[in-house]
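Some notes on the structure that comes next.
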Amino acid sequence: MSTLHYEVAVIGGGPAGVAAAIAAGRAGAKTVLVEPQSYLGGAGTASLVGPWMTNYHRDTQVIRGIFQDIVDELVTYEGSPGTLKCPYDNKDETKGTGGHITPFDPEILKFVYNRLVQEAGCELKLNAYVDGVESEGGRIRAVGLRTKSSVSRLEADVFVDATGDGDVAVAAGARYEQGRASDGLTQPVSALFKMSYVDLDAFIDYTLAHKDEFVWISYPIVPAGLPAHFADRMVCLSGFNRLVAEGLSSGELELGRERITLFSDFIKGDVLFNATRINRIDGTNNDQLIRAEIELRKQVISLAAFARKRLPGFSRASLSGAAARAGVRETRRIIGDYMLTQDDVRHGRQFADGIAKGCFPIDIHSPHDQTNVWVEIDNAYDIPYRCLLPAGLDNVLLAGRNISASHEAMASTRVQSHCMAMGQAAGIAAALAAGGERSTRAVNVKELQRQLRSQRAIVAGDL
Ligand SMILES: Cc1cc2nc3c(=O)[nH]c(=O)nc-3n(C[C@H](O)[C@H](O)[C@H](O)COP(=O)(O)OP(=O)(O)OC[C@H]3O[C@@H](n4cnc5c(N)ncnc54)[C@H](O)[C@@H]3O)c2cc1C
C-alpha cells in the first residue's frame with residue numbers, strides 16, 4: 001500500500017473544507033483536500049442549499065476573506081449577483097435571511113471551487129473515501145484513503161476535520177454531543193428543489209397584494225446593470241399556510257411542514273424551495289438517511305405538482321433540479337477546548353482568540369414538530385480559536401458545522417458564510433502548526449489573526 005504525505009490534509013470538501021484548503025495552500029503548506037463526491041461544495045452543491053445566508057450584521061460586513069473571493073469569482077462567471085440586502089417592513093427583523101443573502105448558481109460554484117483550490121496549489125482528491133484512522137497519543141498519524149483505483153495511507157502533520165459530522169475526530173477518539181440537551185434530537189433534514197419558468201412578475205405582484213399570507217417576506221434589493229438573464233425583481237418568503245393546510249387535509253399535498261419557504265433565484269424565472277422536512281433522522285445513520293432520501297423525494301414531487309396547480313405564476317413551471325442528497329442540518333458537535341454558547345451568540349460576545357465573526361441569528365428548525373425558533377442577535381460575535389480544537393487531540397482542527405458549539409449556538413454558526421470563515425482560520429492555523437510534531441494548541445493566535453487579516457478576513461477587534 002502506498003503512503004502519501006502532506007503537511008495539511010483537509011477531509012471534507014464542503015464550504016468549510018474548501019476554505020480551509022485554499023487558506024492552507026495560500027499560506028504555503030503542502031495541502032490535500034479529500035472529498036467523496038465528484039465535486040466540491042458539500043450541502044451547498046449536493047443538497048442545493050442556498051442562498052448563502054448573511055455575512056452582514058445590520059449594514060456592517062463581518063465576513064469577507066475567502067468567502068468574498070468566492071463571491072467575486074462567481075460574479076465574474078455570472079454565477080451570482082453578489083450579496084443583496086433583504087429589507088423587511090419591520091426594520092429590526094431579519095427572519096428567514098439574516099438581512100442579506102448571496103444567491104449563487106451551484107453548477108458555476110463547483111467550477112469556481114475547483115479553480116480556487118487548484119490555484120492555491122492544493123491537491124484535490126475527489127471520489128475519495130476516508131477509510132479508517134490511525135492515531136496514538138492524541139495525534140492522528142494517517143487516515144486510510146480509498147478510491148476506485150487505489151488504496152493508500154494518507155499521512156499529514158495536521159488534519160482538518162471538515163466532514164460536517166466530525167467523522168475523523170470521532171474516529172480518533174474525540175468526544176461529542178449530538179442534538180439538543182433535553183432529548184438528543186437534532187434539527188430536521190430537508191431536500192431543497194428548484195422550479196424554472198415561473199412567471200415571477202405575476203407571483204411577486206400576488207405577494208405584494210397578499211402580504212398577510214406570509215409569516216415573513218422580503219424583497220431583496222437587486223442592483224441595476226446585471227446580465228439580461230438575471231432577475232430584476234426577487235422575493236424571499238415563508239407562508240401560504242392556508243393553502244398548505246387545504247392541500248394536506250385533501251390529500252393533494254404530502255409535506256412535512258405547515259408552510260412553504262421559498263427564495264426566488266437570481267436567474268429569471270427560477271425559484272428555490274426550502275420547504276420539505278423530516279424530523280427524527282440521525283444524519284450519521286445510513287439506514288435513516290436512506291429513509292429520508294426516499295421520503296423527501298416524495299415531498300419534492302408532491303410540492304412541485306401542488307405549486308404548479310396552486311401557486312400564482314407557477315402554471316408553466318417545471319421541476320428543474322432537486323437535492324442529490326438529503327440536506328442534513330445537524331449531527332455531531334465535537335467537544336473542544338471551548339464550547340460556544342447561545343448567550344455568546346445572542347449577545348455578540350467578543351473573544352481575544354476570535355478567529356472568525358458570526359452574525360446569523362439563531363435559527364432552529366424544531367427537532368420535534370413543524371415550528372421554527374428565530375432569535376435575533378445583538379451584535380456580531382467572535383468564534384474563538386478554541387472551538388476548533390477537539391479536546392484531547394493535538395494535530396486536528398475542526399471547521400464547519402461540527403465545531404465545538406452548543407445546539408443553539410450551532411443554529412447560527414452552521415450557515416455557509418460562517419463555515420467558510422472558520423475554514424479559512426483552520427487552514428491557516430493548520431499551516432502554522434505543520435512541520436513535525438507541533439501542537440495546534442501551540443499556534444500563536446496573534447500570528448494566526450495577522451495572517452487571516454493578510455488574507456482579508458475580519459477577526460477579533462476589527463470592527
Ligand atoms: C436543509 C438545509 C438548509 C440550509 N439552509 C441554509 C441557507 O439557506 N443558507 C446557508 O448559508 N446555509 C444553510 N444551511 C447550512 C449549511 O448548508 C451547512 O451547515 C453547511 O453546508 C455546512 O458546511 P460544512 O462544510 O461544515 O459541511 P457540509 O456542507 O456538510 O460538507 C461536508 C463535506 O464533507 C464530505 N464528507 C462527509 N463525510 C466525509 C468523510 N467521512 N470523509 C471525507 N469527506 C466527507 C461531504 O461529502 C461534504 O462534501 C442549510 C443546511 C441544510 C441541511
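Chain identifiers are assigned as A, B, and so on, following the order in which chains appear in the C-alpha cells; residues are numbered from 1 within each chain, and ligands are numbered from 1 in order of appearance.
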Inset, instruction - Tell me, as a list in words, which residues lie within 8 Å of Thr331 in chain A, counting only C-alpha atoms; anything in the same chain fewer than 4 positions away does not count. - result: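 Everything that qualifies: Gly164, Asp165, Gln178, Gly179, Thr186, Asp282, Gly283, Thr284 and Asn402 of chain A.
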Inset, instruction - DSSP on the backbone, then: every residue of range 126-258 of chain A marked strand (DSSP E), written as a ChimeraX atom specification. - result: /A:129-136,139-147,150-161,176-178,189-190,193-196,214-218,236-239
With a cut-off of 7 Å, could you pull out the residues of chain A touching ligand 1 and give me the nearest pair of atoms for each, distance in Å to one decimal, using only C-alpha atoms and all ligand atoms, ordered by chain and ascending number, as JSON lines?
{"residue": "A:Ile11", "atom": "CA", "partner": "ligand 1", "partner_atom_place_in_ligand_line": "43 (C)", "distance": 5.0}
{"residue": "A:Gly12", "atom": "CA", "partner": "ligand 1", "partner_atom_place_in_ligand_line": "34 (O)", "distance": 3.3}
{"residue": "A:Gly13", "atom": "CA", "partner": "ligand 1", "partner_atom_place_in_ligand_line": "49 (O)", "distance": 4.4}
{"residue": "A:Gly14", "atom": "CA", "partner": "ligand 1", "partner_atom_place_in_ligand_line": "31 (O)", "distance": 3.4}
{"residue": "A:Pro15", "atom": "CA", "partner": "ligand 1", "partner_atom_place_in_ligand_line": "25 (O)", "distance": 4.2}
{"residue": "A:Ala16", "atom": "CA", "partner": "ligand 1", "partner_atom_place_in_ligand_line": "25 (O)", "distance": 3.8}
{"residue": "A:Gly17", "atom": "CA", "partner": "ligand 1", "partner_atom_place_in_ligand_line": "25 (O)", "distance": 5.5}
{"residue": "A:Val34", "atom": "CA", "partner": "ligand 1", "partner_atom_place_in_ligand_line": "43 (C)", "distance": 5.9}
{"residue": "A:Glu35", "atom": "CA", "partner": "ligand 1", "partner_atom_place_in_ligand_line": "44 (N)", "distance": 4.6}
{"residue": "A:Pro36", "atom": "CA", "partner": "ligand 1", "partner_atom_place_in_ligand_line": "47 (O)", "distance": 5.3}
{"residue": "A:Gln37", "atom": "CA", "partner": "ligand 1", "partner_atom_place_in_ligand_line": "47 (O)", "distance": 5.7}
{"residue": "A:Leu40", "atom": "CA", "partner": "ligand 1", "partner_atom_place_in_ligand_line": "49 (O)", "distance": 6.1}
{"residue": "A:Gly41", "atom": "CA", "partner": "ligand 1", "partner_atom_place_in_ligand_line": "49 (O)", "distance": 5.7}
{"residue": "A:Gly42", "atom": "CA", "partner": "ligand 1", "partner_atom_place_in_ligand_line": "49 (O)", "distance": 3.3}
{"residue": "A:Ala43", "atom": "CA", "partner": "ligand 1", "partner_atom_place_in_ligand_line": "29 (O)", "distance": 3.9}
{"residue": "A:Gly44", "atom": "CA", "partner": "ligand 1", "partner_atom_place_in_ligand_line": "17 (O)", "distance": 5.4}
{"residue": "A:Val49", "atom": "CA", "partner": "ligand 1", "partner_atom_place_in_ligand_line": "4 (C)", "distance": 5.3}
{"residue": "A:Gly50", "atom": "CA", "partner": "ligand 1", "partner_atom_place_in_ligand_line": "8 (O)", "distance": 4.5}
{"residue": "A:Pro51", "atom": "CA", "partner": "ligand 1", "partner_atom_place_in_ligand_line": "8 (O)", "distance": 5.1}
{"residue": "A:Trp52", "atom": "CA", "partner": "ligand 1", "partner_atom_place_in_ligand_line": "11 (O)", "distance": 3.6}
{"residue": "A:Met53", "atom": "CA", "partner": "ligand 1", "partner_atom_place_in_ligand_line": "11 (O)", "distance": 4.1}
{"residue": "A:Tyr129", "atom": "CA", "partner": "ligand 1", "partner_atom_place_in_ligand_line": "42 (N)", "distance": 5.5}
{"residue": "A:Val130", "atom": "CA", "partner": "ligand 1", "partner_atom_place_in_ligand_line": "42 (N)", "distance": 4.7}
{"residue": "A:Ala162", "atom": "CA", "partner": "ligand 1", "partner_atom_place_in_ligand_line": "26 (O)", "distance": 5.6}
{"residue": "A:Thr163", "atom": "CA", "partner": "ligand 1", "partner_atom_place_in_ligand_line": "34 (O)", "distance": 3.6}
{"residue": "A:Gly164", "atom": "CA", "partner": "ligand 1", "partner_atom_place_in_ligand_line": "27 (O)", "distance": 4.0}
{"residue": "A:Asp165", "atom": "CA", "partner": "ligand 1", "partner_atom_place_in_ligand_line": "38 (N)", "distance": 6.4}
{"residue": "A:Asp167", "atom": "CA", "partner": "ligand 1", "partner_atom_place_in_ligand_line": "41 (N)", "distance": 5.2}
{"residue": "A:Val168", "atom": "CA", "partner": "ligand 1", "partner_atom_place_in_ligand_line": "41 (N)", "distance": 6.7}
{"residue": "A:Val189", "atom": "CA", "partner": "ligand 1", "partner_atom_place_in_ligand_line": "1 (C)", "distance": 5.8}
{"residue": "A:Ser190", "atom": "CA", "partner": "ligand 1", "partner_atom_place_in_ligand_line": "1 (C)", "distance": 4.4}
{"residue": "A:Ala191", "atom": "CA", "partner": "ligand 1", "partner_atom_place_in_ligand_line": "1 (C)", "distance": 6.1}
{"residue": "A:Leu192", "atom": "CA", "partner": "ligand 1", "partner_atom_place_in_ligand_line": "1 (C)", "distance": 6.6}
{"residue": "A:Asn274", "atom": "CA", "partner": "ligand 1", "partner_atom_place_in_ligand_line": "3 (C)", "distance": 6.8}
{"residue": "A:Gly327", "atom": "CA", "partner": "ligand 1", "partner_atom_place_in_ligand_line": "53 (C)", "distance": 3.5}
{"residue": "A:Val328", "atom": "CA", "partner": "ligand 1", "partner_atom_place_in_ligand_line": "53 (C)", "distance": 4.0}
{"residue": "A:Arg329", "atom": "CA", "partner": "ligand 1", "partner_atom_place_in_ligand_line": "53 (C)", "distance": 3.8}
{"residue": "A:Ala399", "atom": "CA", "partner": "ligand 1", "partner_atom_place_in_ligand_line": "26 (O)", "distance": 6.3}
{"residue": "A:Gly400", "atom": "CA", "partner": "ligand 1", "partner_atom_place_in_ligand_line": "26 (O)", "distance": 3.3}
{"residue": "A:Arg401", "atom": "CA", "partner": "ligand 1", "partner_atom_place_in_ligand_line": "26 (O)", "distance": 4.1}
{"residue": "A:Asn402", "atom": "CA", "partner": "ligand 1", "partner_atom_place_in_ligand_line": "26 (O)", "distance": 6.2}
{"residue": "A:Arg414", "atom": "CA", "partner": "ligand 1", "partner_atom_place_in_ligand_line": "19 (O)", "distance": 4.0}
{"residue": "A:Val415", "atom": "CA", "partner": "ligand 1", "partner_atom_place_in_ligand_line": "12 (N)", "distance": 3.7}
{"residue": "A:Gln416", "atom": "CA", "partner": "ligand 1", "partner_atom_place_in_ligand_line": "11 (O)", "distance": 3.9}
{"residue": "A:Ser417", "atom": "CA", "partner": "ligand 1", "partner_atom_place_in_ligand_line": "11 (O)", "distance": 5.9}
{"residue": "A:Cys419", "atom": "CA", "partner": "ligand 1", "partner_atom_place_in_ligand_line": "23 (O)", "distance": 5.5}
Legend entry - Closest of A:Ala169, A:Ala23, A:Ala322, A:Ala29 to Ala433 in chain A - atom-to-atom distances counting only C-alpha atoms: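 When distances to Ala433 in chain A are compared using only C-alpha atoms, the smallest one comes from A:Ala29.
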Output as a Markdown table one row per residue of range 59-89 of chain A within 7 Å of range 447-461 of chain A: the closest atom pair and its distance in Å to one decimal place, counting only C-alpha atoms, sorted by chain and residue number ascending.
| residue | atom | partner | partner_atom | distance |
| --- | --- | --- | --- | --- |
| A:Val62 | CA | A:Ile458 | CA | 6.3 |
| A:Ile63 | CA | A:Ile458 | CA | 6.1 |
| A:Arg64 | CA | A:Ala457 | CA | 5.3 |
| A:Gly65 | CA | A:Ala457 | CA | 3.9 |
Deliver the residues from the most recent selection as a file, using C-alpha atoms, as a PDB file, in the first residue's frame.
ATOM      1  CA  VAL A  62     -18.443  40.942   9.130  1.00  0.00           C
ATOM      2  CA  ILE A  63     -17.341  38.051   6.887  1.00  0.00           C
ATOM      3  CA  ARG A  64     -15.001  38.777   3.983  1.00  0.00           C
ATOM      4  CA  GLY A  65     -11.744  36.900   3.181  1.00  0.00           C
TER       5      GLY A  65
END
Legend entry - Using only C-alpha atoms: which of A:Ile294, A:Ile301, A:Ala209, A:Leu200 has the shortest distance to Arg325 in chain A: A:Ile294
Inset, instruction - Write out as a list in words which residues come within 9 Å of Arg441 in chain A when counting only C-alpha atoms, dropping same-chain ones fewer than 2 positions away. - result: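 The residues satisfying every condition are Arg386, Leu389, Asp394, Asn395, Ala433, Arg438, Ser439, Val443 and Asn444 of chain A.
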Prev. selection, N, CA and C atoms, output as a PDB file, in the first residue's frame:
ATOM      1  N   ARG A 386     -10.368  28.308  20.143  1.00  0.00           N
ATOM      2  CA  ARG A 386     -10.528  27.102  20.969  1.00  0.00           C
ATOM      3  C   ARG A 386     -11.693  26.217  20.521  1.00  0.00           C
ATOM      4  N   LEU A 389     -10.534  23.359  18.328  1.00  0.00           N
ATOM      5  CA  LEU A 389      -9.567  22.401  18.883  1.00  0.00           C
ATOM      6  C   LEU A 389     -10.299  21.280  19.611  1.00  0.00           C
ATOM      7  N   ASP A 394      -4.254  16.649  19.316  1.00  0.00           N
ATOM      8  CA  ASP A 394      -3.245  17.705  19.224  1.00  0.00           C
ATOM      9  C   ASP A 394      -2.886  18.124  17.804  1.00  0.00           C
ATOM     10  N   ASN A 395      -3.287  17.348  16.813  1.00  0.00           N
ATOM     11  CA  ASN A 395      -2.971  17.765  15.437  1.00  0.00           C
ATOM     12  C   ASN A 395      -4.221  17.714  14.558  1.00  0.00           C
ATOM     13  N   ALA A 433       0.801  25.163  12.186  1.00  0.00           N
ATOM     14  CA  ALA A 433       1.158  24.053  13.082  1.00  0.00           C
ATOM     15  C   ALA A 433       1.904  22.937  12.350  1.00  0.00           C
ATOM     16  N   ARG A 438       4.339  19.386  16.046  1.00  0.00           N
ATOM     17  CA  ARG A 438       3.845  20.556  16.789  1.00  0.00           C
ATOM     18  C   ARG A 438       2.359  20.406  17.098  1.00  0.00           C
ATOM     19  N   SER A 439       1.944  21.122  18.148  1.00  0.00           N
ATOM     20  CA  SER A 439       0.553  21.026  18.567  1.00  0.00           C
ATOM     21  C   SER A 439      -0.240  22.200  17.994  1.00  0.00           C
ATOM     22  N   VAL A 443      -0.264  27.059  18.457  1.00  0.00           N
ATOM     23  CA  VAL A 443      -0.306  28.100  17.417  1.00  0.00           C
ATOM     24  C   VAL A 443      -0.418  29.472  18.083  1.00  0.00           C
ATOM     25  N   ASN A 444       0.393  30.396  17.618  1.00  0.00           N
ATOM     26  CA  ASN A 444       0.340  31.767  18.142  1.00  0.00           C
ATOM     27  C   ASN A 444      -0.886  32.454  17.523  1.00  0.00           C
TER      28      ASN A 444
END
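In this model, the gap between CA of Ser80 in chain A and CA of Leu226 in chain A comes to 9.8 Å.
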Inset, instruction - Would you work out the distance separating CA of Leu388 in chain A from CA of Met422 in chain A, expressed in Å to one decimal? - result: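 These atoms are spaced 8.2 Å apart.
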